[in-house]
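Participant: The following file, work14.pdb, comprises PDB, C-alpha atoms:
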```
MODEL        1
ATOM      1  CA  MET A   1      98.125 119.202  99.058  1.00  0.00           C
ATOM      2  CA  SER A   2     100.913 118.232 101.480  1.00  0.00           C
ATOM      3  CA  THR A   3      99.590 115.201 103.259  1.00  0.00           C
ATOM      4  CA  SER A   4      98.765 111.727 102.013  1.00  0.00           C
ATOM      5  CA  LYS A   5      96.533 109.502 104.148  1.00  0.00           C
ATOM      6  CA  PRO A   6      95.937 106.169 102.455  1.00  0.00           C
ATOM      7  CA  ALA A   7      92.745 104.501 103.566  1.00  0.00           C
ATOM      8  CA  HIS A   8      93.997 100.939 104.018  1.00  0.00           C
ATOM      9  CA  SER A   9      97.767 101.118 104.244  1.00  0.00           C
ATOM     10  CA  GLY A  10      98.150 102.589 107.743  1.00  0.00           C
ATOM     11  CA  MET A  11     100.798 104.913 106.262  1.00  0.00           C
ATOM     12  CA  ARG A  12     100.921 108.723 106.184  1.00  0.00           C
ATOM     13  CA  VAL A  13     103.359 111.049 104.422  1.00  0.00           C
ATOM     14  CA  THR A  14     103.384 114.684 105.601  1.00  0.00           C
ATOM     15  CA  GLU A  15     105.665 117.573 104.744  1.00  0.00           C
ATOM     16  CA  VAL A  16     107.755 118.656 107.719  1.00  0.00           C
ATOM     17  CA  GLU A  17     106.504 122.254 107.591  1.00  0.00           C
ATOM     18  CA  GLU A  18     102.898 121.090 107.440  1.00  0.00           C
ATOM     19  CA  PHE A  19     103.528 118.725 110.356  1.00  0.00           C
ATOM     20  CA  LEU A  20     104.992 121.550 112.477  1.00  0.00           C
ATOM     21  CA  ARG A  21     102.306 124.017 111.439  1.00  0.00           C
ATOM     22  CA  ASN A  22      99.382 121.660 112.037  1.00  0.00           C
ATOM     23  CA  PRO A  23     100.621 118.815 114.249  1.00  0.00           C
ATOM     24  CA  PRO A  24      98.438 115.686 114.245  1.00  0.00           C
ATOM     25  CA  ASP A  25      96.550 114.406 117.259  1.00  0.00           C
ATOM     26  CA  GLY A  26      98.866 113.593 120.138  1.00  0.00           C
ATOM     27  CA  PHE A  27     101.527 116.130 119.073  1.00  0.00           C
ATOM     28  CA  SER A  28     102.167 119.746 120.040  1.00  0.00           C
ATOM     29  CA  VAL A  29     104.876 122.201 118.959  1.00  0.00           C
ATOM     30  CA  GLU A  30     106.659 124.520 121.396  1.00  0.00           C
ATOM     31  CA  VAL A  31     108.355 127.499 119.758  1.00  0.00           C
ATOM     32  CA  LEU A  32     111.849 128.279 121.084  1.00  0.00           C
ATOM     33  CA  CYS A  33     114.381 131.006 120.336  1.00  0.00           C
ATOM     34  CA  SER A  34     116.650 128.531 118.562  1.00  0.00           C
ATOM     35  CA  GLY A  35     113.931 126.513 116.851  1.00  0.00           C
ATOM     36  CA  CYS A  36     111.109 124.351 118.138  1.00  0.00           C
ATOM     37  CA  ARG A  37     110.472 121.363 120.377  1.00  0.00           C
ATOM     38  CA  VAL A  38     107.855 118.786 119.443  1.00  0.00           C
ATOM     39  CA  HIS A  39     106.008 116.991 122.216  1.00  0.00           C
ATOM     40  CA  SER A  40     104.228 113.682 121.653  1.00  0.00           C
ATOM     41  CA  ASP A  41     102.129 111.162 123.510  1.00  0.00           C
ATOM     42  CA  PRO A  42     104.388 108.135 124.205  1.00  0.00           C
ATOM     43  CA  GLU A  43     101.362 105.970 124.916  1.00  0.00           C
ATOM     44  CA  ASN A  44     100.215 106.088 121.288  1.00  0.00           C
ATOM     45  CA  SER A  45     103.233 107.215 119.273  1.00  0.00           C
ATOM     46  CA  LEU A  46     106.714 105.799 118.809  1.00  0.00           C
ATOM     47  CA  VAL A  47     108.948 108.600 117.501  1.00  0.00           C
ATOM     48  CA  LEU A  48     112.250 107.589 115.856  1.00  0.00           C
ATOM     49  CA  ILE A  49     113.466 110.988 114.628  1.00  0.00           C
ATOM     50  CA  ASP A  50     116.904 112.513 115.256  1.00  0.00           C
ATOM     51  CA  ASP A  51     117.303 116.257 115.787  1.00  0.00           C
ATOM     52  CA  PHE A  52     117.372 118.171 112.498  1.00  0.00           C
ATOM     53  CA  ASP A  53     117.392 121.694 111.064  1.00  0.00           C
ATOM     54  CA  SER A  54     114.302 123.147 109.399  1.00  0.00           C
ATOM     55  CA  CYS A  55     113.259 126.641 108.351  1.00  0.00           C
ATOM     56  CA  ARG A  56     112.240 127.152 111.990  1.00  0.00           C
ATOM     57  CA  GLY A  57     115.726 126.363 113.248  1.00  0.00           C
ATOM     58  CA  LYS A  58     116.754 123.289 115.188  1.00  0.00           C
ATOM     59  CA  THR A  59     113.839 120.898 115.579  1.00  0.00           C
ATOM     60  CA  VAL A  60     113.836 118.449 118.478  1.00  0.00           C
ATOM     61  CA  PHE A  61     111.304 115.682 119.097  1.00  0.00           C
ATOM     62  CA  GLN A  62     111.241 115.500 122.881  1.00  0.00           C
ATOM     63  CA  LYS A  63     110.241 111.832 123.274  1.00  0.00           C
ATOM     64  CA  SER A  64     112.190 110.492 120.303  1.00  0.00           C
ATOM     65  CA  LEU A  65     114.372 107.393 120.654  1.00  0.00           C
ATOM     66  CA  GLY A  66     116.318 108.276 117.513  1.00  0.00           C
ATOM     67  CA  ARG A  67     116.503 106.451 114.197  1.00  0.00           C
ATOM     68  CA  LYS A  68     118.892 103.845 115.599  1.00  0.00           C
ATOM     69  CA  VAL A  69     117.539 102.201 118.723  1.00  0.00           C
ATOM     70  CA  LYS A  70     119.894 100.293 121.017  1.00  0.00           C
ATOM     71  CA  MET A  71     118.705  97.459 123.258  1.00  0.00           C
ATOM     72  CA  GLN A  72     120.878  95.684 125.801  1.00  0.00           C
ATOM     73  CA  ASN A  73     118.630  93.144 127.475  1.00  0.00           C
ATOM     74  CA  LEU A  74     115.505  91.094 126.944  1.00  0.00           C
ATOM     75  CA  TRP A  75     113.289  93.556 128.795  1.00  0.00           C
ATOM     76  CA  GLU A  76     114.293  96.429 126.497  1.00  0.00           C
ATOM     77  CA  TYR A  77     113.754  94.254 123.425  1.00  0.00           C
ATOM     78  CA  THR A  78     110.327  93.108 124.624  1.00  0.00           C
ATOM     79  CA  SER A  79     109.282  96.687 125.366  1.00  0.00           C
ATOM     80  CA  MET A  80     110.476  97.890 121.947  1.00  0.00           C
ATOM     81  CA  ARG A  81     108.771  95.030 120.136  1.00  0.00           C
ATOM     82  CA  LYS A  82     105.500  95.774 121.937  1.00  0.00           C
ATOM     83  CA  SER A  83     105.702  99.432 120.876  1.00  0.00           C
ATOM     84  CA  LEU A  84     106.447  98.536 117.241  1.00  0.00           C
ATOM     85  CA  LEU A  85     103.383  96.277 117.100  1.00  0.00           C
ATOM     86  CA  SER A  86     100.917  98.604 118.810  1.00  0.00           C
ATOM     87  CA  LYS A  87     101.810 102.252 118.187  1.00  0.00           C
ATOM     88  CA  ARG A  88     102.053 104.625 115.244  1.00  0.00           C
ATOM     89  CA  ILE A  89     105.724 104.860 114.258  1.00  0.00           C
ATOM     90  CA  HIS A  90     107.013 108.269 113.113  1.00  0.00           C
ATOM     91  CA  LEU A  91     110.159 108.754 111.013  1.00  0.00           C
ATOM     92  CA  LEU A  92     111.880 111.618 109.193  1.00  0.00           C
ATOM     93  CA  MET A  93     112.769 110.927 105.558  1.00  0.00           C
ATOM     94  CA  SER A  94     114.247 113.080 102.818  1.00  0.00           C
ATOM     95  CA  ALA A  95     113.384 113.043  99.117  1.00  0.00           C
ATOM     96  CA  CYS A  96     116.512 113.811  97.082  1.00  0.00           C
ATOM     97  CA  GLU A  97     116.817 114.583  93.388  1.00  0.00           C
ATOM     98  CA  GLY A  98     118.080 111.751  91.174  1.00  0.00           C
ATOM     99  CA  THR A  99     121.256 110.090  92.353  1.00  0.00           C
ATOM    100  CA  ASN A 100     122.564 113.286  93.935  1.00  0.00           C
ATOM    101  CA  GLU A 101     121.538 112.662  97.516  1.00  0.00           C
ATOM    102  CA  ALA A 102     123.324 115.837  98.609  1.00  0.00           C
ATOM    103  CA  ARG A 103     120.459 117.917  97.219  1.00  0.00           C
ATOM    104  CA  VAL A 104     117.382 117.452  99.384  1.00  0.00           C
ATOM    105  CA  LEU A 105     114.153 118.392  97.618  1.00  0.00           C
ATOM    106  CA  LYS A 106     111.895 118.108 100.627  1.00  0.00           C
ATOM    107  CA  GLN A 107     111.673 116.427 104.022  1.00  0.00           C
ATOM    108  CA  PHE A 108     108.688 114.428 105.208  1.00  0.00           C
ATOM    109  CA  VAL A 109     107.434 112.926 108.417  1.00  0.00           C
ATOM    110  CA  VAL A 110     106.413 109.385 107.487  1.00  0.00           C
ATOM    111  CA  SER A 111     104.330 107.333 109.870  1.00  0.00           C
ATOM    112  CA  ILE A 112     103.077 103.773 109.776  1.00  0.00           C
ATOM    113  CA  ASP A 113     100.517 102.195 112.048  1.00  0.00           C
ATOM    114  CA  GLY A 114     102.195  99.289 113.802  1.00  0.00           C
ATOM    115  CA  ASN A 115      98.765  98.042 114.861  1.00  0.00           C
ATOM    116  CA  ASP A 116      97.542  97.829 111.260  1.00  0.00           C
ATOM    117  CA  PRO A 117      96.943  94.072 110.632  1.00  0.00           C
ATOM    118  CA  ILE A 118      99.061  93.918 107.473  1.00  0.00           C
ATOM    119  CA  ILE A 119     101.961  95.981 108.836  1.00  0.00           C
ATOM    120  CA  LYS A 120     101.839  94.175 112.189  1.00  0.00           C
ATOM    121  CA  TRP A 121     102.069  90.803 110.465  1.00  0.00           C
ATOM    122  CA  GLN A 122     105.105  91.872 108.455  1.00  0.00           C
ATOM    123  CA  MET A 123     106.799  93.379 111.501  1.00  0.00           C
ATOM    124  CA  GLU A 124     106.249  90.276 113.622  1.00  0.00           C
ATOM    125  CA  ARG A 125     107.507  87.911 110.943  1.00  0.00           C
ATOM    126  CA  GLY A 126     110.509  90.106 110.174  1.00  0.00           C
ATOM    127  CA  LEU A 127     111.554  90.366 113.817  1.00  0.00           C
ATOM    128  CA  ASP A 128     111.095  86.625 114.380  1.00  0.00           C
ATOM    129  CA  TRP A 129     113.080  85.820 111.231  1.00  0.00           C
ATOM    130  CA  THR A 130     115.890  88.123 112.349  1.00  0.00           C
ATOM    131  CA  ILE A 131     116.276  86.447 115.732  1.00  0.00           C
ATOM    132  CA  SER A 132     116.139  82.944 114.284  1.00  0.00           C
ATOM    133  CA  SER A 133     118.649  83.701 111.504  1.00  0.00           C
ATOM    134  CA  VAL A 134     121.479  85.499 113.298  1.00  0.00           C
ATOM    135  CA  TRP A 135     124.583  83.520 114.226  1.00  0.00           C
ATOM    136  CA  GLY A 136     125.417  85.248 117.495  1.00  0.00           C
ATOM    137  CA  GLU A 137     123.596  86.905 120.362  1.00  0.00           C
ATOM    138  CA  SER A 138     124.065  90.505 119.222  1.00  0.00           C
ATOM    139  CA  TYR A 139     122.595  91.716 115.943  1.00  0.00           C
ATOM    140  CA  ARG A 140     121.457  94.684 113.884  1.00  0.00           C
ATOM    141  CA  VAL A 141     118.338  94.816 111.712  1.00  0.00           C
ATOM    142  CA  ASP A 142     117.239  97.554 109.299  1.00  0.00           C
ATOM    143  CA  ILE A 143     113.505  97.924 108.684  1.00  0.00           C
ATOM    144  CA  ASP A 144     113.071  99.510 105.263  1.00  0.00           C
ATOM    145  CA  LEU A 145     110.200 101.553 103.783  1.00  0.00           C
ATOM    146  CA  THR A 146     111.770 102.446 100.440  1.00  0.00           C
ATOM    147  CA  GLU A 147     109.347 100.445  98.274  1.00  0.00           C
ATOM    148  CA  PRO A 148     106.087 102.115  99.399  1.00  0.00           C
ATOM    149  CA  LEU A 149     107.764 105.542  99.431  1.00  0.00           C
ATOM    150  CA  GLU A 150     108.902 105.140  95.824  1.00  0.00           C
ATOM    151  CA  ARG A 151     105.371 104.255  94.762  1.00  0.00           C
ATOM    152  CA  TRP A 152     104.016 107.225  96.702  1.00  0.00           C
ATOM    153  CA  ALA A 153     106.595 109.553  95.097  1.00  0.00           C
ATOM    154  CA  ALA A 154     105.700 108.339  91.597  1.00  0.00           C
ATOM    155  CA  LYS A 155     102.130 109.529  92.142  1.00  0.00           C
ATOM    156  CA  ASN A 156     102.960 112.694  94.082  1.00  0.00           C
ATOM    157  CA  SER A 157     105.974 114.234  92.329  1.00  0.00           C
ATOM    158  CA  HIS A 158     104.219 117.632  92.350  1.00  0.00           C
ATOM    159  CA  ILE A 159     104.218 117.528  96.165  1.00  0.00           C
ATOM    160  CA  ILE A 160     107.943 116.832  96.305  1.00  0.00           C
ATOM    161  CA  THR A 161     108.953 119.654  93.924  1.00  0.00           C
ATOM    162  CA  ASP A 162     105.946 122.017  94.141  1.00  0.00           C
ATOM    163  CA  LYS A 163     106.088 122.101  90.336  1.00  0.00           C
ATOM    164  CA  LEU A 164     104.135 120.352  87.612  1.00  0.00           C
ATOM    165  CA  ILE A 165     107.159 118.373  86.518  1.00  0.00           C
ATOM    166  CA  LYS A 166     108.143 114.828  87.348  1.00  0.00           C
ATOM    167  CA  VAL A 167     111.394 114.038  89.092  1.00  0.00           C
ATOM    168  CA  GLN A 168     112.884 110.750  90.126  1.00  0.00           C
ATOM    169  CA  ALA A 169     113.201 111.055  93.863  1.00  0.00           C
ATOM    170  CA  VAL A 170     115.746 109.027  95.794  1.00  0.00           C
ATOM    171  CA  TRP A 171     114.857 108.501  99.436  1.00  0.00           C
ATOM    172  CA  ARG A 172     117.424 109.086 102.136  1.00  0.00           C
ATOM    173  CA  ASP A 173     116.997 107.520 105.571  1.00  0.00           C
ATOM    174  CA  ALA A 174     114.065 105.405 104.401  1.00  0.00           C
ATOM    175  CA  SER A 175     114.638 102.892 107.182  1.00  0.00           C
ATOM    176  CA  PHE A 176     115.186 102.650 110.903  1.00  0.00           C
ATOM    177  CA  THR A 177     117.531 100.367 112.794  1.00  0.00           C
ATOM    178  CA  LEU A 178     117.294  98.138 115.844  1.00  0.00           C
ATOM    179  CA  LYS A 179     120.559  97.146 117.519  1.00  0.00           C
ATOM    180  CA  TYR A 180     120.641  94.450 120.157  1.00  0.00           C
ATOM    181  CA  TYR A 181     123.818  94.123 122.215  1.00  0.00           C
ATOM    182  CA  SER A 182     124.313  91.120 124.470  1.00  0.00           C
ATOM    183  CA  ASP A 183     126.910  90.766 127.218  1.00  0.00           C
ATOM    184  CA  ALA A 184     128.572  87.811 125.508  1.00  0.00           C
ATOM    185  CA  LEU A 185     132.358  87.903 125.862  1.00  0.00           C
ATOM    186  CA  PHE A 186     133.119  86.428 122.446  1.00  0.00           C
ATOM    187  CA  ASP A 187     130.390  87.431 120.008  1.00  0.00           C
ATOM    188  CA  PHE A 188     132.483  86.851 116.885  1.00  0.00           C
ATOM    189  CA  PRO A 189     129.620  86.809 114.326  1.00  0.00           C
ATOM    190  CA  HIS A 190     128.575  90.288 115.423  1.00  0.00           C
ATOM    191  CA  TRP A 191     132.149  91.594 115.473  1.00  0.00           C
ATOM    192  CA  PHE A 192     132.738  90.465 111.887  1.00  0.00           C
ATOM    193  CA  GLY A 193     129.426  91.810 110.586  1.00  0.00           C
ATOM    194  CA  PHE A 194     127.671  88.470 110.092  1.00  0.00           C
ATOM    195  CA  SER A 195     124.660  89.444 112.243  1.00  0.00           C
ATOM    196  CA  LYS A 196     123.289  92.249 110.072  1.00  0.00           C
ATOM    197  CA  ARG A 197     119.786  91.745 108.738  1.00  0.00           C
ATOM    198  CA  LYS A 198     117.199  93.726 106.797  1.00  0.00           C
ATOM    199  CA  PHE A 199     113.538  93.317 105.918  1.00  0.00           C
ATOM    200  CA  ASN A 200     111.033  95.496 104.073  1.00  0.00           C
ATOM    201  CA  ILE A 201     107.607  96.796 104.991  1.00  0.00           C
ATOM    202  CA  VAL A 202     105.037  96.735 102.172  1.00  0.00           C
ATOM    203  CA  CYS A 203     102.057  99.099 102.351  1.00  0.00           C
ATOM    204  CA  ASN A 204      99.017  99.506 100.126  1.00  0.00           C
ATOM    205  CA  LEU A 205      99.063 103.094  98.873  1.00  0.00           C
ATOM    206  CA  VAL A 206      95.414 103.539  97.840  1.00  0.00           C
ATOM    207  CA  LYS A 207      94.870 107.227  98.603  1.00  0.00           C
ATOM    208  CA  ASP A 208      91.112 107.369  98.874  1.00  0.00           C
ATOM    209  CA  ARG A 209      88.466 104.855  99.838  1.00  0.00           C
ATOM    210  CA  PRO A 210      87.092 103.345  96.580  1.00  0.00           C
ATOM    211  CA  THR A 211      83.530 104.264  95.743  1.00  0.00           C
ATOM    212  CA  SER A 212      83.002 100.926  94.037  1.00  0.00           C
ATOM    213  CA  TRP A 213      82.775  97.906  96.317  1.00  0.00           C
ATOM    214  CA  ASP A 214      84.342  95.709  93.636  1.00  0.00           C
ATOM    215  CA  CYS A 215      87.289  98.071  93.267  1.00  0.00           C
ATOM    216  CA  SER A 216      87.796  98.034  97.040  1.00  0.00           C
ATOM    217  CA  ILE A 217      87.828  94.233  97.135  1.00  0.00           C
ATOM    218  CA  TYR A 218      90.333  94.143  94.253  1.00  0.00           C
ATOM    219  CA  ASN A 219      92.765  96.477  95.986  1.00  0.00           C
ATOM    220  CA  ARG A 220      92.572  94.589  99.256  1.00  0.00           C
ATOM    221  CA  CYS A 221      93.106  91.204  97.636  1.00  0.00           C
ATOM    222  CA  ARG A 222      96.088  92.574  95.707  1.00  0.00           C
ATOM    223  CA  VAL A 223      97.841  93.422  98.972  1.00  0.00           C
ATOM    224  CA  GLN A 224      97.230  89.933 100.394  1.00  0.00           C
ATOM    225  CA  ILE A 225      98.629  88.249  97.285  1.00  0.00           C
ATOM    226  CA  LEU A 226     101.659  90.543  97.312  1.00  0.00           C
ATOM    227  CA  LEU A 227     102.429  89.743 100.926  1.00  0.00           C
ATOM    228  CA  LEU A 228     101.949  86.009 100.635  1.00  0.00           C
ATOM    229  CA  PHE A 229     103.941  85.441  97.457  1.00  0.00           C
ATOM    230  CA  SER A 230     106.637  88.145  97.291  1.00  0.00           C
ATOM    231  CA  GLY A 231     108.921  89.089 100.172  1.00  0.00           C
ATOM    232  CA  TRP A 232     107.934  86.235 102.454  1.00  0.00           C
ATOM    233  CA  THR A 233     108.590  83.304 100.138  1.00  0.00           C
ATOM    234  CA  ARG A 234     112.046  82.870 101.662  1.00  0.00           C
ATOM    235  CA  LEU A 235     110.466  82.133 105.042  1.00  0.00           C
ATOM    236  CA  ARG A 236     109.089  78.757 106.020  1.00  0.00           C
ATOM    237  CA  ARG A 237     105.344  79.149 106.411  1.00  0.00           C
ATOM    238  CA  THR A 238     103.581  76.899 108.928  1.00  0.00           C
ATOM    239  CA  ASP A 239      99.915  76.213 109.626  1.00  0.00           C
ATOM    240  CA  LYS A 240     100.059  78.948 112.230  1.00  0.00           C
ATOM    241  CA  ASP A 241     101.294  81.426 109.605  1.00  0.00           C
ATOM    242  CA  ILE A 242      98.458  80.480 107.255  1.00  0.00           C
ATOM    243  CA  LEU A 243      95.842  80.887 110.002  1.00  0.00           C
ATOM    244  CA  TYR A 244      97.332  84.241 110.907  1.00  0.00           C
ATOM    245  CA  ALA A 245      97.174  85.368 107.270  1.00  0.00           C
ATOM    246  CA  MET A 246      93.523  84.323 107.116  1.00  0.00           C
ATOM    247  CA  LYS A 247      92.791  86.451 110.180  1.00  0.00           C
ATOM    248  CA  ILE A 248      94.460  89.452 108.508  1.00  0.00           C
ATOM    249  CA  ILE A 249      92.434  88.981 105.342  1.00  0.00           C
ATOM    250  CA  TYR A 250      89.245  88.757 107.408  1.00  0.00           C
ATOM    251  CA  ALA A 251      90.152  91.875 109.398  1.00  0.00           C
ATOM    252  CA  THR A 252      90.855  93.777 106.167  1.00  0.00           C
ATOM    253  CA  PHE A 253      87.549  92.857 104.599  1.00  0.00           C
ATOM    254  CA  VAL A 254      85.428  93.754 107.621  1.00  0.00           C
ATOM    255  CA  SER A 255      87.270  97.038 108.364  1.00  0.00           C
TER     256      SER A 255
ENDMDL
END
```
The structure in this file should be written as structure tokens.
Facilitator:
Amino acid sequence: MSTSKPAHSGMRVTEVEEFLRNPPDGFSVEVLCSGCRVHSDPENSLVLIDDFDSCRGKTVFQKSLGRKVKMQNLWEYTSMRKSLLSKRIHLLMSACEGTNEARVLKQFVVSIDGNDPIIKWQMERGLDWTISSVWGESYRVDIDLTEPLERWAAKNSHIITDKLIKVQAVWRDASFTLKYYSDALFDFPHWFGFSKRKFNIVCNLVKDRPTSWDCSIYNRCRVQILLLFSGWTRLRRTDKDILYAMKIIYATFVS
């Protein structure tokens, strides 16, 4: 087993070799002398993967924007925000052994569905919070997926090592970065590093659809409680936020 497709999380974890051997819908792999080139459908997928070396040689994702995305005006930001909230986002992440990040155990293509109600809500709130909290016009924000990846790794250590032994995997590059640069002449907060922000994405990692209706309801409610009372408590929730959360809960139950 090399692929994990949780039923409700909108998140997928796939070994790089499996991804290249059997690309998902919307992707195709072109074999080159020096490696391979991966083509994707930009209408449905947002690829944020830098060029890397695999057993096939140099691997290039043709339509990739890279892990660190730079935006220089409102139009570019609006376009990027729309993509984050509507497309499946693809990233390359490495599972490393223990604290020795120099030794990579295995690489994975991790994707999250930006249109998933729970993920979309977190992304919207995180982006809004970033803009409202920075001191200057330019800023940098890291969007982190470490928490769901660690929970996935705890249940799938045999996939990471191909052995029936447990290892404590440390994830490298478990986030992607948005950088917004304004044309302000004196953007001191950005120059001195005061405009750096970070927020996490939480995903439900139920691997298979529960056979028991009660079990399914329990797992879905657990995600809603986690979102409402953990990472978002530092934000000021308004009536609009509460109504939006109710819509997400409704969408989850009827899906």
Participant: Could you list, as a list in words, every residue within 12 Å of A:Lys82, counting all atoms listed in the file and ignoring same-chain residues fewer than 6 positions away?
Facilitator: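 Counting all atoms listed in the file, the residues come to Glu43, Asn44, Ser45, Leu46, Trp75, Glu76, Arg88, Ile89, Gly114, Asn115, Lys120, Met123, Glu124 and Leu127 of chain A.
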Participant: Given the file shown, determine the residues that the PyMOL selection byres ((chain A and resi 199) around 7) selects; report them as a PDB file with C-alpha atoms, in the coordinates of the input.
Facilitator:
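Below is the file result.pdb, written as the result:
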```
ATOM      1  CA  GLY A 126     110.509  90.106 110.174  1.00  0.00           C
ATOM      2  CA  ASP A 142     117.239  97.554 109.299  1.00  0.00           C
ATOM      3  CA  ILE A 143     113.505  97.924 108.684  1.00  0.00           C
ATOM      4  CA  ASP A 144     113.071  99.510 105.263  1.00  0.00           C
ATOM      5  CA  LYS A 198     117.199  93.726 106.797  1.00  0.00           C
ATOM      6  CA  ASN A 200     111.033  95.496 104.073  1.00  0.00           C
ATOM      7  CA  ILE A 201     107.607  96.796 104.991  1.00  0.00           C
TER       8      ILE A 201
END
```
Participant: Using all atoms listed in the file, which residue out of A:Val60, A:Ile49, A:Cys36, A:Val69 lies closest to A:Phe108?
Facilitator: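 Checking each candidate against A:Phe108, we get A:Ile49 as the closest.
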Participant: Within 7 Å of (104.6, 116.7, 120.1) (coordinates as in the file), grab all the protein and nucleic acid residues, counting only C-alpha atoms, and write them out as a CSV table (one decimal) with C-alpha atoms, in the frame of the given file.
Facilitator:
```
chain,number,residue,atom,x,y,z
A,26,GLY,CA,98.9,113.6,120.1
A,27,PHE,CA,101.5,116.1,119.1
A,28,SER,CA,102.2,119.7,120.0
A,29,VAL,CA,104.9,122.2,119.0
A,38,VAL,CA,107.9,118.8,119.4
A,39,HIS,CA,106.0,117.0,122.2
A,40,SER,CA,104.2,113.7,121.7
A,41,ASP,CA,102.1,111.2,123.5
A,61,PHE,CA,111.3,115.7,119.1
```
Participant: Which one is closest to A:Val109: A:Cys96, A:Leu85, A:Met11, A:Val134? Count all atoms listed in the file.
Facilitator: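 Among A:Cys96, A:Leu85, A:Met11, A:Val134, it is A:Met11 that comes nearest to A:Val109.
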Participant: At a cut-off of 10 Å, using only C-alpha atoms, what residues contact A:Phe194? Leave out same-chain residues fewer than 2 positions from it and give the result as a ChimeraX atom specification.
Facilitator: /A:134-136,139-140,188-192,196-197
Participant: List as a list in words: which residues have an atom within 12 Å of (117.7, 99.0, 122.5), counting all atoms listed in the file?
Facilitator: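 In the file's frame, the residues around the point are Leu65, Gly66, Arg67, Lys68, Val69, Lys70, Met71, Gln72, Asn73, Leu74, Trp75, Glu76, Tyr77, Thr78, Ser79, Met80, Arg81, Ser138, Tyr139, Arg140, Val141, Thr177, Leu178, Lys179, Tyr180, Tyr181 and Ser182 of chain A.
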Participant: So which one's closest to A:Ile159, A:Thr146, A:Gln107, A:Thr130, A:Ser54? Using only C-alpha atoms, please.
Facilitator: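 Of A:Thr146, A:Gln107, A:Thr130, A:Ser54, the one nearest A:Ile159 is A:Gln107, counting only C-alpha atoms.
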Participant: Between atom CA of A:Glu18 and atom CA of A:Thr59, what is the spacing in Å?
Facilitator: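 Computing the Euclidean distance for atom CA of A:Thr59 and atom CA of A:Glu18 yields 13.6 Å.
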Participant: Measuring atom to atom with all atoms listed in the file, identify which of A:Asp25, A:Glu30, A:Glu150, A:Asp50 is nearest to A:Ala95.
Facilitator: A:Glu150
Participant: In Å, how far is it from atom CA of A:Ser64 to atom CA of A:Ala169?
Facilitator: 26.5 Å
Participant: Identify which of the residues A:Ser157, A:Ser94, A:Ser111, A:Ser133 lies closest to A:Arg172, counting all atoms listed in the file when measuring atom-to-atom distances.
Facilitator: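 Answer, going by the shortest atom-to-atom distance: A:Ser94.
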Participant: In Å, rounded to a single decimal, give me how far atom CA of A:Glu97 is from atom CA of A:Ala154.
Facilitator: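 Going from atom CA of A:Ala154 over to atom CA of A:Glu97 covers 12.9 Å.
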Participant: Mind checking which residues fall within 7 Å of A:Gly10, counting all atoms listed in the file, ignoring those fewer than 5 positions away in the same chain, and posting them as a list in words?
Facilitator: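 Close residues of A:Gly10: Ile112, Asp113 and Asp116 of chain A.
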Participant: Of the candidates A:Leu145, A:Met93, A:Val202, A:Glu137, which shows the shortest atom-to-atom distance to A:Asp183, using all atoms listed in the file?
Facilitator: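 Among the listed residues, A:Glu137 lies closest to A:Asp183.
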